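Engineer: Okay, so here is protein.tsv, and as you'll see once you scroll down, it has TSV, C-alpha atoms.
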```tsv
chain	number	residue	atom	x	y	z
A	1	MET	CA	-23.29	8.79	-37.64
A	2	ASN	CA	-24.82	10.64	-34.70
A	3	ALA	CA	-28.28	9.67	-35.96
A	4	LEU	CA	-27.24	5.98	-35.97
A	5	MET	CA	-26.06	6.25	-32.36
A	6	ASP	CA	-29.32	7.87	-31.23
A	7	TRP	CA	-31.19	4.63	-30.48
A	8	LYS	CA	-34.08	6.50	-28.89
A	9	HIS	CA	-35.14	8.02	-32.23
A	10	LEU	CA	-34.06	5.10	-34.47
A	11	SER	CA	-36.78	3.03	-36.17
A	12	PHE	CA	-37.16	0.64	-39.11
A	13	ALA	CA	-39.74	0.96	-41.87
A	14	TYR	CA	-39.65	-2.77	-42.78
A	15	PRO	CA	-38.48	-4.71	-39.70
A	16	ALA	CA	-39.79	-8.00	-41.21
A	17	PHE	CA	-36.58	-8.21	-43.27
A	18	PHE	CA	-34.68	-9.03	-40.07
A	19	ALA	CA	-36.12	-12.54	-40.40
A	20	LEU	CA	-33.56	-13.08	-43.16
A	21	PHE	CA	-30.85	-13.27	-40.49
A	22	ALA	CA	-32.11	-16.80	-39.78
A	23	LEU	CA	-30.92	-17.85	-43.26
A	24	ILE	CA	-27.28	-16.92	-42.59
A	25	PRO	CA	-26.50	-19.96	-40.33
A	26	LEU	CA	-28.18	-22.21	-42.92
A	27	MET	CA	-26.10	-20.66	-45.68
A	28	MET	CA	-22.90	-21.17	-43.69
A	29	TRP	CA	-23.81	-24.82	-42.98
A	30	TRP	CA	-24.59	-25.47	-46.65
A	31	ARG	CA	-21.32	-23.87	-47.80
A	32	ARG	CA	-19.28	-25.87	-45.31
A	33	ASN	CA	-20.78	-29.16	-46.48
A	34	ARG	CA	-20.31	-28.19	-50.15
A	35	VAL	CA	-16.65	-27.34	-49.60
A	36	ARG	CA	-16.09	-30.67	-47.94
A	37	ARG	CA	-17.70	-32.55	-50.84
A	38	LEU	CA	-15.83	-30.71	-53.55
A	39	ALA	CA	-12.46	-30.49	-51.83
A	40	PRO	CA	-9.74	-32.50	-53.66
A	41	SER	CA	-8.17	-35.41	-51.76
A	42	LEU	CA	-4.78	-37.07	-51.85
A	43	ARG	CA	-4.11	-40.48	-50.33
A	44	LEU	CA	-0.75	-40.93	-48.61
A	45	SER	CA	0.65	-43.85	-46.66
A	46	ASN	CA	2.09	-41.55	-44.00
A	47	THR	CA	1.10	-37.91	-43.16
A	48	GLY	CA	3.60	-37.43	-40.35
A	49	SER	CA	5.78	-35.09	-42.35
A	50	PHE	CA	2.84	-32.82	-43.09
A	51	SER	CA	1.71	-32.57	-39.46
A	52	VAL	CA	4.83	-30.69	-38.41
A	53	MET	CA	4.56	-28.18	-41.23
A	54	PRO	CA	3.10	-24.79	-40.17
A	55	PRO	CA	0.06	-23.64	-42.14
A	56	SER	CA	0.73	-20.95	-44.73
A	57	TRP	CA	-0.65	-17.42	-44.35
A	58	ARG	CA	-3.14	-18.17	-47.11
A	59	VAL	CA	-4.59	-20.99	-45.05
A	60	ARG	CA	-4.69	-18.88	-41.87
A	61	TYR	CA	-6.47	-15.96	-43.48
A	62	ARG	CA	-8.75	-17.79	-45.87
A	63	PHE	CA	-11.61	-17.35	-43.36
A	64	LEU	CA	-11.76	-13.67	-44.35
A	65	MET	CA	-13.66	-14.44	-47.57
A	66	PRO	CA	-16.71	-16.07	-45.93
A	67	LEU	CA	-16.52	-13.49	-43.13
A	68	PHE	CA	-16.75	-10.59	-45.61
A	69	ARG	CA	-19.64	-12.34	-47.38
A	70	VAL	CA	-21.57	-12.75	-44.11
A	71	LEU	CA	-20.93	-9.11	-43.15
A	72	ALA	CA	-22.12	-8.01	-46.61
A	73	LEU	CA	-25.35	-9.99	-46.16
A	74	CYS	CA	-25.89	-8.52	-42.67
A	75	MET	CA	-25.45	-4.98	-43.95
A	76	LEU	CA	-27.77	-5.69	-46.87
A	77	ILE	CA	-30.50	-7.02	-44.55
A	78	VAL	CA	-30.25	-3.94	-42.32
A	79	ALA	CA	-30.46	-1.70	-45.40
A	80	LEU	CA	-33.57	-3.59	-46.60
A	81	ALA	CA	-35.16	-3.05	-43.18
A	82	ARG	CA	-34.78	0.68	-43.97
A	83	PRO	CA	-33.45	2.32	-40.78
A	84	GLN	CA	-34.78	5.81	-40.14
A	85	SER	CA	-34.09	8.57	-37.67
A	86	SER	CA	-37.25	10.31	-36.44
A	87	ASN	CA	-37.52	13.85	-35.16
A	88	VAL	CA	-40.68	15.24	-33.56
A	89	THR	CA	-41.43	18.96	-33.56
A	90	GLU	CA	-44.29	20.50	-31.61
A	91	ASN	CA	-46.14	23.74	-32.18
A	92	ILE	CA	-47.80	24.99	-28.99
A	93	ASP	CA	-50.70	27.41	-29.43
A	94	SER	CA	-51.94	28.93	-26.16
A	95	GLU	CA	-54.93	31.24	-25.82
A	96	GLY	CA	-52.88	33.31	-23.35
A	97	ILE	CA	-54.09	34.12	-19.84
A	98	ASP	CA	-52.27	36.96	-18.10
A	99	ILE	CA	-52.40	36.84	-14.30
A	100	VAL	CA	-51.24	39.21	-11.58
A	101	LEU	CA	-50.90	37.98	-8.01
A	102	ALA	CA	-51.62	40.85	-5.59
A	103	LEU	CA	-50.27	39.83	-2.17
A	104	ASP	CA	-50.82	41.61	1.13
A	105	VAL	CA	-47.50	41.91	3.03
A	106	SER	CA	-48.70	43.96	5.99
A	107	GLY	CA	-47.53	43.15	9.52
A	108	SER	CA	-50.71	41.22	10.27
A	109	MET	CA	-49.69	38.66	7.62
A	110	LEU	CA	-47.22	37.33	10.20
A	111	ALA	CA	-50.13	35.93	12.22
A	112	GLU	CA	-49.67	32.23	12.91
A	113	ASP	CA	-53.17	30.88	12.44
A	114	LEU	CA	-51.74	29.43	9.20
A	115	LYS	CA	-48.42	27.60	9.44
A	116	PRO	CA	-45.76	28.81	9.74
A	117	ASN	CA	-47.58	32.11	9.22
A	118	ARG	CA	-49.98	33.64	6.72
A	119	ILE	CA	-47.41	35.19	4.40
A	120	GLU	CA	-45.25	32.05	4.13
A	121	ALA	CA	-48.32	29.89	3.53
A	122	ALA	CA	-49.48	32.31	0.82
A	123	LYS	CA	-46.05	32.28	-0.85
A	124	LYS	CA	-45.96	28.48	-0.92
A	125	VAL	CA	-49.35	28.04	-2.61
A	126	ALA	CA	-48.59	30.91	-5.01
A	127	ILE	CA	-45.42	29.16	-6.21
A	128	ASN	CA	-47.32	25.90	-6.60
A	129	PHE	CA	-49.96	27.75	-8.63
A	130	VAL	CA	-47.31	29.27	-10.91
A	131	GLU	CA	-45.69	25.87	-11.52
A	132	LYS	CA	-49.01	24.47	-12.77
A	133	ARG	CA	-49.36	27.18	-15.44
A	134	PRO	CA	-46.22	27.03	-17.59
A	135	THR	CA	-47.82	28.73	-20.63
A	136	ASP	CA	-49.27	31.76	-18.81
A	137	ARG	CA	-47.65	35.13	-18.20
A	138	ILE	CA	-47.81	35.95	-14.49
A	139	GLY	CA	-46.71	38.95	-12.46
A	140	LEU	CA	-46.54	39.87	-8.76
A	141	VAL	CA	-47.71	43.00	-6.90
A	142	ILE	CA	-47.24	43.40	-3.16
A	143	PHE	CA	-49.04	45.89	-0.97
A	144	SER	CA	-49.49	46.98	2.64
A	145	GLY	CA	-49.71	50.73	3.36
A	146	GLU	CA	-48.55	51.26	-0.24
A	147	SER	CA	-48.18	49.05	-3.29
A	148	PHE	CA	-45.22	47.93	-5.38
A	149	THR	CA	-44.69	45.80	-8.49
A	150	GLN	CA	-42.38	43.03	-7.29
A	151	CYS	CA	-42.27	41.30	-10.69
A	152	PRO	CA	-43.77	42.48	-14.02
A	153	ILE	CA	-45.86	40.04	-16.03
A	154	THR	CA	-43.48	37.45	-17.41
A	155	ILE	CA	-43.28	33.95	-18.88
A	156	ASP	CA	-39.99	33.40	-17.05
A	157	HIS	CA	-41.46	31.59	-14.08
A	158	ASP	CA	-38.05	30.87	-12.53
A	159	VAL	CA	-37.53	34.59	-12.01
A	160	LEU	CA	-41.09	34.99	-10.76
A	161	GLU	CA	-40.70	32.20	-8.20
A	162	GLU	CA	-37.49	33.79	-6.94
A	163	GLN	CA	-39.34	37.07	-6.46
A	164	ILE	CA	-42.18	35.34	-4.61
A	165	ASN	CA	-39.67	33.60	-2.33
A	166	SER	CA	-38.00	36.93	-1.54
A	167	VAL	CA	-41.23	38.60	-0.38
A	168	LYS	CA	-41.14	39.68	3.29
A	169	SER	CA	-43.40	41.64	5.57
A	170	GLY	CA	-42.12	45.07	6.61
A	171	VAL	CA	-40.54	46.09	3.30
A	172	LEU	CA	-43.33	48.62	2.72
A	173	MET	CA	-45.08	51.13	4.96
A	174	ASP	CA	-47.45	49.21	7.20
A	175	GLY	CA	-51.21	49.29	6.76
A	176	THR	CA	-53.71	47.69	4.39
A	177	ALA	CA	-54.20	49.61	1.14
A	178	ILE	CA	-56.46	47.22	-0.78
A	179	GLY	CA	-57.35	49.95	-3.28
A	180	ASP	CA	-53.70	50.69	-4.05
A	181	GLY	CA	-52.90	46.99	-4.42
A	182	LEU	CA	-55.78	46.41	-6.82
A	183	ALA	CA	-55.08	49.57	-8.81
A	184	THR	CA	-51.40	48.69	-9.26
A	185	ALA	CA	-52.31	45.16	-10.34
A	186	VAL	CA	-54.80	46.52	-12.90
A	187	ASP	CA	-52.20	48.95	-14.21
A	188	ARG	CA	-49.75	46.06	-14.66
A	189	ILE	CA	-52.20	43.94	-16.62
A	190	ARG	CA	-54.31	46.45	-18.57
A	191	ARG	CA	-51.85	46.71	-21.50
A	192	SER	CA	-51.26	42.99	-21.81
A	193	ASP	CA	-52.11	41.11	-25.00
A	194	GLY	CA	-53.69	38.15	-23.20
A	195	LYS	CA	-57.17	37.15	-24.25
A	196	SER	CA	-58.04	36.86	-20.57
A	197	LYS	CA	-56.85	39.14	-17.75
A	198	VAL	CA	-57.01	37.86	-14.16
A	199	ILE	CA	-56.00	39.25	-10.77
A	200	ILE	CA	-55.79	37.13	-7.61
A	201	LEU	CA	-55.89	39.50	-4.64
A	202	LEU	CA	-55.08	38.10	-1.20
A	203	THR	CA	-55.44	40.11	2.00
A	204	ASP	CA	-56.10	39.59	5.70
A	205	GLY	CA	-57.47	42.97	6.72
A	206	VAL	CA	-59.63	46.02	6.15
A	207	ASN	CA	-58.69	48.89	3.84
A	208	ASN	CA	-57.40	51.62	6.14
A	209	ILE	CA	-54.92	53.63	4.07
A	210	GLY	CA	-53.87	54.35	0.51
A	211	LYS	CA	-54.06	56.88	-2.31
A	212	VAL	CA	-56.68	54.97	-4.33
A	213	GLY	CA	-59.93	53.89	-2.74
A	214	PRO	CA	-61.15	50.30	-3.30
A	215	GLU	CA	-64.31	51.53	-5.06
A	216	LEU	CA	-62.30	53.52	-7.61
A	217	ALA	CA	-59.90	50.62	-8.16
A	218	LEU	CA	-62.91	48.35	-8.73
A	219	GLU	CA	-64.29	50.66	-11.42
A	220	VAL	CA	-60.92	50.71	-13.18
A	221	ALA	CA	-60.79	46.90	-13.12
A	222	LYS	CA	-64.27	46.73	-14.62
A	223	ALA	CA	-63.36	49.26	-17.29
A	224	TYR	CA	-60.44	47.13	-18.45
A	225	LYS	CA	-62.45	43.90	-18.16
A	226	VAL	CA	-60.15	42.40	-15.56
A	227	ARG	CA	-61.55	39.45	-13.62
A	228	VAL	CA	-60.61	39.59	-9.93
A	229	TYR	CA	-60.54	36.64	-7.55
A	230	THR	CA	-60.33	37.79	-3.95
A	231	ILE	CA	-59.10	35.76	-0.98
A	232	GLY	CA	-59.59	36.67	2.67
A	233	ILE	CA	-56.91	34.85	4.66
A	234	GLY	CA	-57.24	34.26	8.38
A	235	THR	CA	-59.12	32.11	10.85
A	236	ARG	CA	-62.49	33.12	12.24
A	237	GLY	CA	-62.37	34.67	15.68
A	238	MET	CA	-59.00	35.16	17.39
A	239	ALA	CA	-55.53	34.48	16.01
A	240	PRO	CA	-51.99	34.66	17.49
A	241	TYR	CA	-50.09	37.73	16.26
A	242	PRO	CA	-46.39	38.43	16.96
A	243	VAL	CA	-46.15	41.76	18.79
A	244	GLN	CA	-43.01	43.71	19.69
A	245	THR	CA	-42.87	44.33	23.47
A	246	PRO	CA	-40.15	45.53	25.88
A	247	MET	CA	-39.56	41.86	26.59
A	248	GLY	CA	-39.07	41.09	22.89
A	249	ILE	CA	-41.50	39.66	20.34
A	250	GLN	CA	-44.39	37.86	21.99
A	251	LYS	CA	-47.55	36.30	20.64
A	252	GLN	CA	-50.86	37.95	21.50
A	253	MET	CA	-54.34	36.80	20.58
A	254	GLN	CA	-56.14	39.41	18.47
A	255	GLU	CA	-59.43	39.45	16.61
A	256	VAL	CA	-59.26	38.68	12.89
A	257	GLN	CA	-60.89	41.47	10.87
A	258	ILE	CA	-61.40	41.00	7.14
A	259	ASP	CA	-63.62	43.25	5.01
A	260	GLU	CA	-65.49	40.37	3.41
A	261	PRO	CA	-68.32	42.51	1.96
A	262	LEU	CA	-65.75	44.59	0.04
A	263	LEU	CA	-63.87	41.52	-1.23
A	264	GLN	CA	-67.14	39.87	-2.27
A	265	LYS	CA	-68.21	43.00	-4.15
A	266	ILE	CA	-64.90	43.27	-6.02
A	267	ALA	CA	-65.07	39.62	-7.05
A	268	THR	CA	-68.76	39.63	-8.01
A	269	GLU	CA	-68.72	42.82	-10.08
A	270	THR	CA	-65.64	41.77	-12.07
A	271	GLY	CA	-66.86	38.23	-12.77
A	272	GLY	CA	-64.53	36.58	-10.28
A	273	LYS	CA	-65.16	34.78	-7.00
A	274	TYR	CA	-64.52	35.42	-3.31
A	275	TYR	CA	-62.88	32.82	-1.05
A	276	ARG	CA	-62.11	32.59	2.64
A	277	ALA	CA	-58.95	30.72	3.66
A	278	THR	CA	-58.99	29.75	7.34
A	279	ASP	CA	-56.11	27.26	7.25
A	280	ASN	CA	-53.37	25.91	4.98
A	281	ALA	CA	-55.55	23.21	3.46
A	282	SER	CA	-58.36	25.59	2.51
A	283	LEU	CA	-55.86	28.06	1.01
A	284	LYS	CA	-54.39	25.30	-1.15
A	285	ASN	CA	-57.87	24.23	-2.27
A	286	ILE	CA	-58.73	27.83	-3.19
A	287	TYR	CA	-55.78	28.11	-5.58
A	288	ASN	CA	-56.62	24.70	-7.03
A	289	ASP	CA	-60.17	25.89	-7.67
A	290	ILE	CA	-58.98	29.08	-9.36
A	291	ASP	CA	-56.59	26.99	-11.44
A	292	LYS	CA	-59.53	24.90	-12.66
A	293	LEU	CA	-61.73	27.94	-13.35
A	294	GLU	CA	-58.99	29.68	-15.34
A	295	LYS	CA	-57.82	26.79	-17.48
A	296	THR	CA	-55.58	27.80	-20.35
A	297	LYS	CA	-56.50	26.26	-23.68
A	298	VAL	CA	-53.36	24.79	-25.18
A	299	GLU	CA	-53.27	23.10	-28.59
A	300	ILE	CA	-50.20	21.04	-29.41
A	301	SER	CA	-49.55	20.02	-33.03
A	302	SER	CA	-46.92	17.32	-33.48
A	303	TYR	CA	-44.99	16.72	-36.68
A	304	LYS	CA	-42.75	13.69	-37.14
A	305	HIS	CA	-39.91	13.89	-39.66
A	306	TYR	CA	-37.89	10.91	-40.89
A	307	ALA	CA	-34.33	10.80	-42.23
A	308	GLU	CA	-33.36	7.71	-44.23
A	309	LEU	CA	-30.26	5.90	-42.91
A	310	PHE	CA	-30.11	2.83	-45.20
A	311	PHE	CA	-27.46	4.27	-47.53
A	312	PRO	CA	-24.42	3.72	-45.20
A	313	PHE	CA	-25.45	0.08	-44.69
A	314	ALA	CA	-25.87	-0.47	-48.43
A	315	CYS	CA	-22.41	1.02	-49.03
A	316	LEU	CA	-20.88	-1.26	-46.40
A	317	ALA	CA	-22.54	-4.26	-48.03
A	318	ILE	CA	-20.94	-3.33	-51.36
A	319	VAL	CA	-17.55	-2.79	-49.69
A	320	PHE	CA	-17.57	-6.16	-47.92
A	321	LEU	CA	-18.77	-7.96	-51.06
A	322	GLY	CA	-16.07	-6.23	-53.09
A	323	LEU	CA	-13.38	-7.26	-50.61
A	324	GLU	CA	-14.57	-10.86	-50.72
A	325	MET	CA	-14.43	-10.94	-54.54
A	326	LEU	CA	-11.05	-9.19	-54.60
A	327	LEU	CA	-9.50	-11.75	-52.29
A	328	ARG	CA	-11.14	-14.66	-54.11
A	329	TYR	CA	-9.73	-13.71	-57.51
A	330	THR	CA	-6.32	-12.49	-56.35
A	331	VAL	CA	-4.43	-13.76	-53.31
A	332	PHE	CA	-6.80	-16.69	-52.66
A	333	LYS	CA	-7.39	-17.61	-56.28
A	334	SER	CA	-7.85	-21.34	-56.73
A	335	ILE	CA	-7.13	-23.50	-59.80
A	336	THR	CA	-10.23	-25.63	-59.12
```
Please re-express this file's structure in structure tokens.

Structural biologist:
Amino acid sequence: MNALMDWKHLSFAYPAFFALFALIPLMMWWRRNRVRRLAPSLRLSNTGSFSVMPPSWRVRYRFLMPLFRVLALCMLIVALARPQSSNVTENIDSEGIDIVLALDVSGSMLAEDLKPNRIEAAKKVAINFVEKRPTDRIGLVIFSGESFTQCPITIDHDVLEEQINSVKSGVLMDGTAIGDGLATAVDRIRRSDGKSKVIILLTDGVNNIGKVGPELALEVAKAYKVRVYTIGIGTRGMAPYPVQTPMGIQKQMQEVQIDEPLLQKIATETGGKYYRATDNASLKNIYNDIDKLEKTKVEISSYKHYAELFFPFACLAIVFLGLEMLLRYTVFKSIT
């Protein structure tokens, strides 16, 4: 019954049989004329006495016989059209790309050359990037003066997006430990089963602290065949930085310093690519470009299954036809 009510997945194998519905009015017209021709007649000089007599229950309910016959024909036509309930199953086969986002959360990421600031702009495009890759496992590493795994590699992107949204500057010791950030990201991804391993490292500074040097982290990434895309975020020249002063937080113009040669080397030697994001639009375009370069191959196989639903209609046709015959040869039996 539920399948019959699911109109979205209901179809008919032979819908041409519905043309037979046009014959039902013709059949009813032919029967009416036949009954009139064959009906017995009685001539009376005065019918006044009959006009005040109420019709018997047999006369009132005699319409049930042709009604049951019409319903039986309708059910039979629907059964001949062969109603079916379809169900589509899909098998999704993904080649599996595992990605780790390594995000700089140092104090300089609060600079407002990107709106509203660098870290918020980076979080927004990262979430948009995650939403475009529903079949990939993605994780998040944050770093400043030290590094931390904010979210392990996961296919649960709702959890990942919550973790990205919760990222704030100042939760870790300040500084820019690019080597630590890259090393932690490699450690997160090196044991993954993905056919392709990718790190997207975003920073706005120069490596100035950390337990693992960038050169050593690069060698580890190469050893595990991890492709690294690096992004230097920040305008060229001077940018407004929020600085704590005795008068409160004030904006001061400071020179933007990004170790582009190091980021280019990391990207080139691992088979990735280096980008420079100077504003919100360019940052968005960078993630779109990486998304195109790291396309996941997804094969979807669809299988459509049909369940036959004609049997209930055929049974109803038999029931209605049986009722019509039962009434005809019992309570409405005629001597003619």

Engineer: Extract, using only C-alpha atoms, all DNA, RNA and protein residues at most 10 Å from Val130 of chain A, discarding same-chain residues fewer than 5 positions from it, and format them as an MDAnalysis selection string.

Structural biologist: chainID A and resid 99 101 125 135:139 157:158 160:161 291

Engineer: Can you tell me which residues surround Gly322 of chain A at a distance of at most 12 Å, considering only C-alpha atoms, apart from same-chain residues fewer than 5 positions away, and format the answer as number ranges by chain?

Structural biologist: A: 65, 68-69, 71-72, 315-317, 327-329

Engineer: Work out how far apart atom CA of Phe148 of chain A and atom CA of Lys124 of chain A are and give it in Å to one decimal.

Structural biologist: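 Spanning atom CA of Phe148 of chain A to atom CA of Lys124 of chain A is a straight-line distance of 20.0 Å.
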
Engineer: As an exercise, work out the distance from atom CA of Leu64 of chain A to atom CA of Leu20 of chain A in Å and give it to one decimal place.

Structural biologist: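 Atom-to-atom, atom CA of Leu64 of chain A to atom CA of Leu20 of chain A, that is 21.8 Å.
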
Engineer: From the options A:Lys225, A:Lys197, A:Arg236, A:Arg191, which residue's atoms come nearest to Asp113 of chain A, counting only C-alpha atoms?

Structural biologist: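 Among the listed residues, A:Arg236 lies closest to Asp113 of chain A.
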
Engineer: Between A:Ile258, A:Ile286, A:Ala121, A:Ile249, which is the closest to Ile200 of chain A once you count only C-alpha atoms?

Structural biologist: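 Closest candidate: A:Ile286.
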
Engineer: Counting all atoms listed in the file, which residue out of A:Ala16, A:Ile233, A:Ala281, A:Ala111 sits closest to Gln250 of chain A?

Structural biologist: A:Ala111

Engineer: Excluding Gly145 of chain A and any residue of its chain fewer than 3 positions from it, enumerate the residues within 12 Å of it, using only C-alpha atoms, and give them as a list of chain:residue names.

Structural biologist: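 Neighbouring residues, sequence-local ones excluded: A:Asp104, A:Val105, A:Ser106, A:Gly107, A:Ser108, A:Ile142, A:Phe148, A:Ser169, A:Gly170, A:Val171, A:Leu172, A:Met173, A:Asp174, A:Gly175, A:Thr176, A:Ala177, A:Ile178, A:Gly179, A:Asp180, A:Gly181, A:Gly205, A:Val206, A:Asn207, A:Asn208, A:Ile209, A:Gly210, A:Lys211, A:Val212.
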
Engineer: Please provide the set of residues having any atom within 12 Å of Asp289 of chain A, restricted to all atoms listed in the file, with same-chain residues fewer than 6 positions apart removed, written as a PyMOL selection string.

Structural biologist: chain A and resi 129+229+231+272-275+282-283+295
